[in-house]
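J.: Here's a structure for you.
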Amino acid sequence: MVAHRMIDVNGIRLHIAEEGEGPLVVLLHGFPESWHSWHRQFGPLVAAGFRVVAPDQRGYGSSDHPEDVDAYSILHLVGDVVGLIGALGEEKAYVVGHDWGAPVAWHTALFRPDLVLGVAGLSVPPPFRGSRPPLAAMEERFGGRFYWNHFAEPGVADAEFGRDPRTALRKFFYAASGDAPGAGSGRQPLVEPGRGWLDAMRDPEVLPSWFSEDDLDALTESFSGGFTGALNWYRNLDRNWELTAPWHGAVVSRPALYVYGDRDIVPAFPGTPELIARLPELMPELRRPPLKLAGCGHWTQQERPDEVNAALVDFLGELARGV
């Protein structure tokens, strides 16, 4: 059974879900999610001999939501993972992340390779720091319409999602899934002037088979405290670019796995298809070519749990056996 508790980490309190014994695997969710996005991974990973821990990351769910926007930088987020590993009594861990959790996982391996036994990212590929701040670059490329810039506006998306969180989450999850009409078209996620992020999204009459009303209930409950903490991650994108200057050109050196869906919009972001194609040459420790899941949208481990679980068990199992 998955157990829940609060734990003091890096100056804040995090809610964690945990189960199993063995080498530690930390599962990091993305936006707008919670620990629950990994609930289909607990059983297979525990059965494979791992101790599995999934936190609500800072700004999410029952974990602390610091008020200061600056408290959501990549250094704080990686610091939470580093602190969590120590607070759980472990010296090293495997780190797995999806969506925003993937950059946190990748940067944990980049900043603290001494703590990371292996790293896996779903949807978002490994970080290769660009030549310009990302919000500024997207502002120039898309005239401020790219959703990062929309989310970075103080209070705007917070209010939009907060008016009806359940409907907002239902529309967002459907729109970014492989089930939505037009998924995989490569169309960029733009917000037109005078409109909201949700305005162009269809509200499905029936949820996809992989996303139940109970899942939506759990997700909605996790945002009962609002969306501001989660959106503050986007408000640090340019600051993160500044803070990571010492690692410009650095490559994740730990054993790595990357998994994504062929109908996921993130791998179609400008420059990302070319990056994914070059990952095997750019990352010597990538243990297999990027795994592309047919028909899968953005919610990788939820849309394709069997394939993701098999890939993770194989990858982590090989590392644990020293293969």
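As shown in the structure tokens, the chain order sets the letters A, B, ...; within each chain, residues go from 1, and ligands are also counted from 1 in the order they appear.
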If you count only C-alpha atoms, which residues fall within 10 Å of range 123-130 of chain A, apart from same-chain ones fewer than 3 positions away, as a VMD selection string?

T.: chain A and resid 97 to 107 110 119 to 120 133 to 134 137 240 to 242 244 to 245 247 to 252 256 to 262 264 to 267 272 to 273 275 to 276 279 282 to 283 290 292 297 to 301

J.: Of the residues A:Val116, A:Leu207, A:Leu219, A:Leu286, which is the one nearest to Trp38 in chain A, using only C-alpha atoms?

T.: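 That would be A:Leu219, the residue with the smallest distance to Trp38 in chain A.
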
J.: Give me the residues within 10 Å of Glu303 in chain A as a list of chain:residue names, counting only C-alpha atoms and dropping any in the same chain fewer than 5 places off.

T.: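 Non-adjacent residues within range: A:Ser177, A:Gly178, A:Asp179, A:Pro208, A:Ser209, A:Trp210, A:Phe211, A:Gly261, A:Leu293, A:Gly295, A:Cys296, A:Gly297, A:His298, A:Val308.
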
J.: From range 2-136 of chain A, collect each residue whose DSSP state is alpha helix (DSSP H) and return the set as a PyMOL selection string.

T.: chain A and resi 39-47+74-87+101-111+134-136

J.: CA of Pro32 in chain A to CA of Met1 in chain A: how many Å, to one decimal?

T.: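 These two atoms are separated by 24.9 Å.
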
J.: Closest to Gly49 in chain A among A:Gly22, A:Asp64, A:Asp306, A:Asp70, using only C-alpha atoms?

T.: A:Gly22

J.: Neighbours of range 183-200 of chain A within 7 Å (only C-alpha atoms; same-chain residues fewer than 2 positions away dropped), as an MDAnalysis selection string?

T.: chainID A and resid 145:147 168 178 180:181 202 262:265 268:269

J.: State, in Å with one decimal place, the distance from CA of Met6 in chain A to CA of Ala93 in chain A.

T.: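 A separation of 19.4 Å between them.
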
J.: List as a list of chain:residue names the protein and nucleic acid residues near Val25 in chain A, meaning an atom at most 7 Å away when only C-alpha atoms are counted, but skip any in the same chain fewer than 6 places from it.

T.: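 After dropping sequence-adjacent residues, the list is A:Phe50, A:Arg51, A:Val52, A:Val53, A:Ala93, A:Tyr94, A:Val95.
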
J.: CA of Val81 in chain A and CA of Arg239 in chain A are how many Å apart?

T.: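 Answer for the CA of Val81 in chain A to CA of Arg239 in chain A separation: 19.4 Å.
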
J.: Identify, on the basis of only C-alpha atoms, every residue whose closest approach to Ala320 in chain A does not exceed 12 Å; exclude the query and any residue fewer than 3 positions from it along the same chain; express the result as a list of chain:residue names.

T.: A:Gly22, A:Pro23, A:Leu24, A:Val25, A:Ala48, A:Gly49, A:Phe50, A:Lys92, A:Ala93, A:Tyr94, A:Leu117, A:Gly118, A:Pro255, A:Leu312, A:Val313, A:Asp314, A:Phe315, A:Leu316, A:Gly317, A:Val323

J.: Store the residues of this selection in a file with N, CA and C atoms, as a short mmCIF file (atom, residue, chain, number, x, y, z; two decimals), in the first residue's frame.

T.:
```cif
data_model
loop_
_atom_site.label_atom_id
_atom_site.label_comp_id
_atom_site.auth_asym_id
_atom_site.auth_seq_id
_atom_site.Cartn_x
_atom_site.Cartn_y
_atom_site.Cartn_z
N GLY A 22 14.25 -1.22 -1.09
CA GLY A 22 15.29 -1.42 -2.08
C GLY A 22 15.89 -0.09 -2.50
N PRO A 23 16.60 -0.04 -3.60
CA PRO A 23 17.17 1.22 -4.08
C PRO A 23 16.08 2.25 -4.32
N LEU A 24 16.39 3.49 -3.96
CA LEU A 24 15.39 4.56 -4.02
C LEU A 24 15.19 5.07 -5.45
N VAL A 25 13.91 5.18 -5.84
CA VAL A 25 13.52 5.82 -7.09
C VAL A 25 12.62 7.00 -6.74
N ALA A 48 9.50 -4.79 -8.80
CA ALA A 48 10.84 -5.01 -9.37
C ALA A 48 11.94 -4.81 -8.34
N GLY A 49 11.56 -4.46 -7.08
CA GLY A 49 12.55 -4.39 -6.01
C GLY A 49 13.04 -3.01 -5.66
N PHE A 50 12.22 -1.98 -5.93
CA PHE A 50 12.64 -0.61 -5.66
C PHE A 50 11.79 0.03 -4.57
N LYS A 92 22.17 7.83 -2.39
CA LYS A 92 22.02 7.95 -3.84
C LYS A 92 20.62 7.52 -4.23
N ALA A 93 20.21 7.90 -5.44
CA ALA A 93 18.88 7.53 -5.91
C ALA A 93 18.83 7.54 -7.42
N TYR A 94 17.85 6.85 -7.96
CA TYR A 94 17.46 6.99 -9.35
C TYR A 94 16.41 8.09 -9.40
N LEU A 117 22.10 7.74 -9.47
CA LEU A 117 22.51 6.46 -10.04
C LEU A 117 22.11 6.34 -11.50
N GLY A 118 21.02 6.98 -11.86
CA GLY A 118 20.52 6.97 -13.22
C GLY A 118 19.37 7.96 -13.31
N PRO A 255 23.92 7.54 -16.42
CA PRO A 255 23.11 6.69 -17.32
C PRO A 255 21.71 7.27 -17.46
N LEU A 312 11.00 1.62 -17.77
CA LEU A 312 11.64 2.00 -16.51
C LEU A 312 12.19 0.78 -15.78
N VAL A 313 11.41 -0.28 -15.70
CA VAL A 313 11.88 -1.49 -15.00
C VAL A 313 13.12 -2.05 -15.69
N ASP A 314 13.11 -2.04 -17.02
CA ASP A 314 14.27 -2.54 -17.76
C ASP A 314 15.49 -1.66 -17.51
N PHE A 315 15.32 -0.36 -17.64
CA PHE A 315 16.43 0.59 -17.47
C PHE A 315 16.98 0.56 -16.05
N LEU A 316 16.10 0.71 -15.06
CA LEU A 316 16.54 0.75 -13.67
C LEU A 316 17.07 -0.61 -13.22
N GLY A 317 16.43 -1.68 -13.69
CA GLY A 317 16.88 -3.02 -13.33
C GLY A 317 18.28 -3.31 -13.83
N VAL A 323 24.59 -3.84 -15.01
CA VAL A 323 24.76 -4.19 -16.41
C VAL A 323 25.22 -2.96 -17.20
#
```

J.: Do a neighbour search on Gly229 in chain A at 7 Å with only C-alpha atoms, toss out local chain neighbours closer than 6 positions, and write the hits as a list of chain:residue names.

T.: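 Using only C-alpha atoms, the neighbours found are A:Gly59, A:Tyr60, A:His65.
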
J.: Would you export the selected residues with C-alpha atoms as a CSV table (one decimal), in the first residue's frame, please?

T.:
```
chain,number,residue,atom,x,y,z
A,59,GLY,CA,4.0,24.8,-5.0
A,60,TYR,CA,1.8,21.7,-5.5
A,65,HIS,CA,3.7,26.9,-1.5
```

J.: Could you tell me which of A:Thr220, A:Pro270, A:Met201, A:Glu153 comes closest to Lys171 in chain A if we count only C-alpha atoms?

T.: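 Distance minimum relative to Lys171 in chain A lands on A:Met201.
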
J.: Enumerate, as a list in words, the complete set of residues in range 77-311 of chain A that a backbone-based DSSP assignment places in strand (DSSP E or B).

T.: Ala93, Tyr94, Val95, Val96, Gly97, His98, Val116, Leu117, Gly118, Val119, Ala120, Gly121, Leu122, Phe146, Leu190, Ala256, Leu257, Tyr258, Val259, Tyr260, Gly261, Leu286, Leu291, Lys292 and Leu293 of chain A
